[in-house]
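Undergrad: This is the content of upload-v5.cif (mmCIF, C-alpha atoms):
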data_coords
loop_
_atom_site.group_PDB
_atom_site.id
_atom_site.type_symbol
_atom_site.label_atom_id
_atom_site.label_comp_id
_atom_site.auth_asym_id
_atom_site.auth_seq_id
_atom_site.Cartn_x
_atom_site.Cartn_y
_atom_site.Cartn_z
ATOM 1 C CA MET A 10 119.610 92.982 91.909
ATOM 2 C CA GLN A 11 119.780 93.537 95.653
ATOM 3 C CA ILE A 12 117.002 96.119 95.431
ATOM 4 C CA CYS A 13 114.843 93.729 93.412
ATOM 5 C CA ARG A 14 115.345 90.972 95.946
ATOM 6 C CA SER A 15 114.386 93.283 98.791
ATOM 7 C CA LEU A 16 110.982 94.171 97.292
ATOM 8 C CA SER A 17 107.840 92.515 98.585
ATOM 9 C CA SER A 18 104.907 91.638 96.364
ATOM 10 C CA THR A 19 103.071 94.653 97.807
ATOM 11 C CA ASP A 20 105.989 96.902 96.821
ATOM 12 C CA ILE A 21 105.859 95.587 93.273
ATOM 13 C CA LEU A 22 102.094 96.158 93.106
ATOM 14 C CA ILE A 23 102.531 99.745 94.315
ATOM 15 C CA LEU A 24 105.326 100.423 91.819
ATOM 16 C CA SER A 25 103.302 98.936 88.974
ATOM 17 C CA ALA A 26 100.264 101.038 89.888
ATOM 18 C CA SER A 27 102.430 104.154 90.196
ATOM 19 C CA HIS A 28 103.793 103.564 86.726
ATOM 20 C CA LYS A 29 100.261 103.225 85.314
ATOM 21 C CA ILE A 30 99.129 106.343 87.156
ATOM 22 C CA SER A 31 102.131 108.413 86.061
ATOM 23 C CA SER A 32 100.813 108.900 82.547
ATOM 24 C CA GLY A 33 97.151 109.078 83.472
ATOM 25 C CA GLU A 34 94.593 111.648 84.478
ATOM 26 C CA LEU A 35 96.047 112.237 87.950
ATOM 27 C CA VAL A 36 99.345 113.629 86.648
ATOM 28 C CA GLN A 37 97.703 115.460 83.752
ATOM 29 C CA ALA A 38 95.364 117.234 86.179
ATOM 30 C CA ALA A 39 98.316 118.291 88.350
ATOM 31 C CA LYS A 40 100.197 119.605 85.318
ATOM 32 C CA SER A 41 97.162 121.540 84.089
ATOM 33 C CA ARG A 42 96.946 123.275 87.490
ATOM 34 C CA GLY A 43 100.584 124.227 87.089
ATOM 35 C CA THR A 44 101.473 122.800 90.477
ATOM 36 C CA GLY A 45 103.593 119.903 89.237
ATOM 37 C CA GLY A 46 102.188 117.739 91.997
ATOM 38 C CA GLY A 47 99.070 116.282 93.453
ATOM 39 C CA THR A 48 97.756 115.245 96.795
ATOM 40 C CA THR A 49 99.074 112.107 98.392
ATOM 41 C CA GLN A 50 95.568 111.012 99.366
ATOM 42 C CA VAL A 51 94.425 111.062 95.727
ATOM 43 C CA TRP A 52 97.537 109.114 94.708
ATOM 44 C CA ILE A 53 96.835 106.500 97.389
ATOM 45 C CA GLU A 54 93.227 106.172 96.211
ATOM 46 C CA HIS A 55 94.443 105.576 92.648
ATOM 47 C CA VAL A 56 97.014 103.025 93.828
ATOM 48 C CA LEU A 57 94.316 101.173 95.765
ATOM 49 C CA LYS A 58 92.085 101.140 92.685
ATOM 50 C CA HIS A 59 94.855 99.785 90.420
ATOM 51 C CA THR A 60 96.206 97.196 92.858
ATOM 52 C CA GLY A 61 93.073 95.814 94.453
ATOM 53 C CA LEU A 62 94.475 96.543 97.898
ATOM 54 C CA HIS A 63 91.730 97.568 100.298
ATOM 55 C CA PHE A 64 93.545 99.512 103.002
ATOM 56 C CA PRO A 65 95.352 102.825 102.477
ATOM 57 C CA GLU A 66 97.495 102.050 105.520
ATOM 58 C CA ILE A 67 99.266 99.339 103.512
ATOM 59 C CA VAL A 68 100.331 101.886 100.899
ATOM 60 C CA ARG A 69 101.358 104.401 103.593
ATOM 61 C CA LEU A 70 103.415 101.712 105.322
ATOM 62 C CA ARG A 71 105.294 100.721 102.158
ATOM 63 C CA GLU A 72 105.806 104.151 100.574
ATOM 64 C CA GLY A 73 108.557 105.144 103.036
ATOM 65 C CA PRO A 74 110.852 102.208 102.231
ATOM 66 C CA LEU A 75 110.221 102.698 98.502
ATOM 67 C CA MET A 76 111.212 106.365 98.825
ATOM 68 C CA GLU A 77 114.353 105.385 100.742
ATOM 69 C CA LYS A 78 115.289 103.054 97.870
ATOM 70 C CA ARG A 79 114.613 105.982 95.505
ATOM 71 C CA LEU A 80 111.921 104.043 93.654
ATOM 72 C CA LEU A 81 109.207 106.588 94.486
ATOM 73 C CA SER A 82 109.558 110.357 94.542
ATOM 74 C CA PRO A 83 109.511 111.915 97.994
ATOM 75 C CA HIS A 84 106.634 114.060 99.211
ATOM 76 C CA ILE A 85 106.937 117.707 98.273
ATOM 77 C CA TYR A 86 105.416 119.197 101.426
ATOM 78 C CA PRO A 87 106.815 118.889 104.966
ATOM 79 C CA ASP A 88 103.558 117.458 106.313
ATOM 80 C CA GLY A 89 103.944 114.374 104.096
ATOM 81 C CA SER A 90 101.400 115.445 101.518
ATOM 82 C CA GLY A 91 101.803 116.048 97.828
ATOM 83 C CA PHE A 92 103.913 114.210 95.326
ATOM 84 C CA ALA A 93 106.171 115.269 92.511
ATOM 85 C CA SER A 94 104.941 114.288 89.086
ATOM 86 C CA GLY A 95 108.444 113.856 87.702
ATOM 87 C CA THR A 96 111.016 111.135 88.149
ATOM 88 C CA ALA A 97 112.192 109.863 91.515
ATOM 89 C CA ALA A 98 114.782 112.097 93.152
#
Starting from the file, lay out its structure as structure tokens.

TA:
Amino acid sequence: MQICRSLSSTDILILSASHKISSGELVQAAKSRGTGGGTTQVWIEHVLKHTGLHFPEIVRLREGPLMEKRLLSPHIYPDGSGFASGTAA
């Protein structure tokens, strides 16, 4: 419950969009390439489309705290790009 109480409305929008994206074309395309991941920029664009948010900086700002709470998977590359298409680590 403490995690739920700590989430902002933006966090909930991002999590909801991520859930919708997780079974969609973005993940399927990554799996078909055999990489098991995709680019962070493409993920952000999909999140923006599903949430109605207009600024990618908002998603970038909130993804760190969501990763710390283990609600989003961490980036798979050291430069902060890429995402794992599986469950959160």

Undergrad: Between atom CA of Lys29 of chain A and atom CA of Trp52 of chain A, what is the spacing in Å?

TA: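 That distance, rounded to one decimal, is 11.4 Å.
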
Undergrad: Applied to the shown file, which residues does the PyMOL selection byres ((chain A and resi 24) around 10) return, written as a PyMOL selection string?

TA: chain A and resi 18-23+25-30+56+60+72+75+80-81

Undergrad: Restrict the selected residues to C-alpha atoms and save them as a JSON list (two decimals), keeping the file's coordinate frame.

TA:
[["chain", "number", "residue", "atom", "x", "y", "z"],
["A", 18, "SER", "CA", 104.91, 91.64, 96.36],
["A", 19, "THR", "CA", 103.07, 94.65, 97.81],
["A", 20, "ASP", "CA", 105.99, 96.90, 96.82],
["A", 21, "ILE", "CA", 105.86, 95.59, 93.27],
["A", 22, "LEU", "CA", 102.09, 96.16, 93.11],
["A", 23, "ILE", "CA", 102.53, 99.74, 94.32],
["A", 25, "SER", "CA", 103.30, 98.94, 88.97],
["A", 26, "ALA", "CA", 100.26, 101.04, 89.89],
["A", 27, "SER", "CA", 102.43, 104.15, 90.20],
["A", 28, "HIS", "CA", 103.79, 103.56, 86.73],
["A", 29, "LYS", "CA", 100.26, 103.22, 85.31],
["A", 30, "ILE", "CA", 99.13, 106.34, 87.16],
["A", 56, "VAL", "CA", 97.01, 103.02, 93.83],
["A", 60, "THR", "CA", 96.21, 97.20, 92.86],
["A", 72, "GLU", "CA", 105.81, 104.15, 100.57],
["A", 75, "LEU", "CA", 110.22, 102.70, 98.50],
["A", 80, "LEU", "CA", 111.92, 104.04, 93.65],
["A", 81, "LEU", "CA", 109.21, 106.59, 94.49]]

Undergrad: What separation in Å, quoted to one decimal, exists between atom CA of Lys58 of chain A and atom CA of Arg79 of chain A?

TA: 23.2 Å

Undergrad: Measure the distance from atom CA of Arg14 of chain A to atom CA of Ile85 of chain A in Å and round it to one decimal.

TA: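 Computing it gives 28.1 Å between the two atoms.
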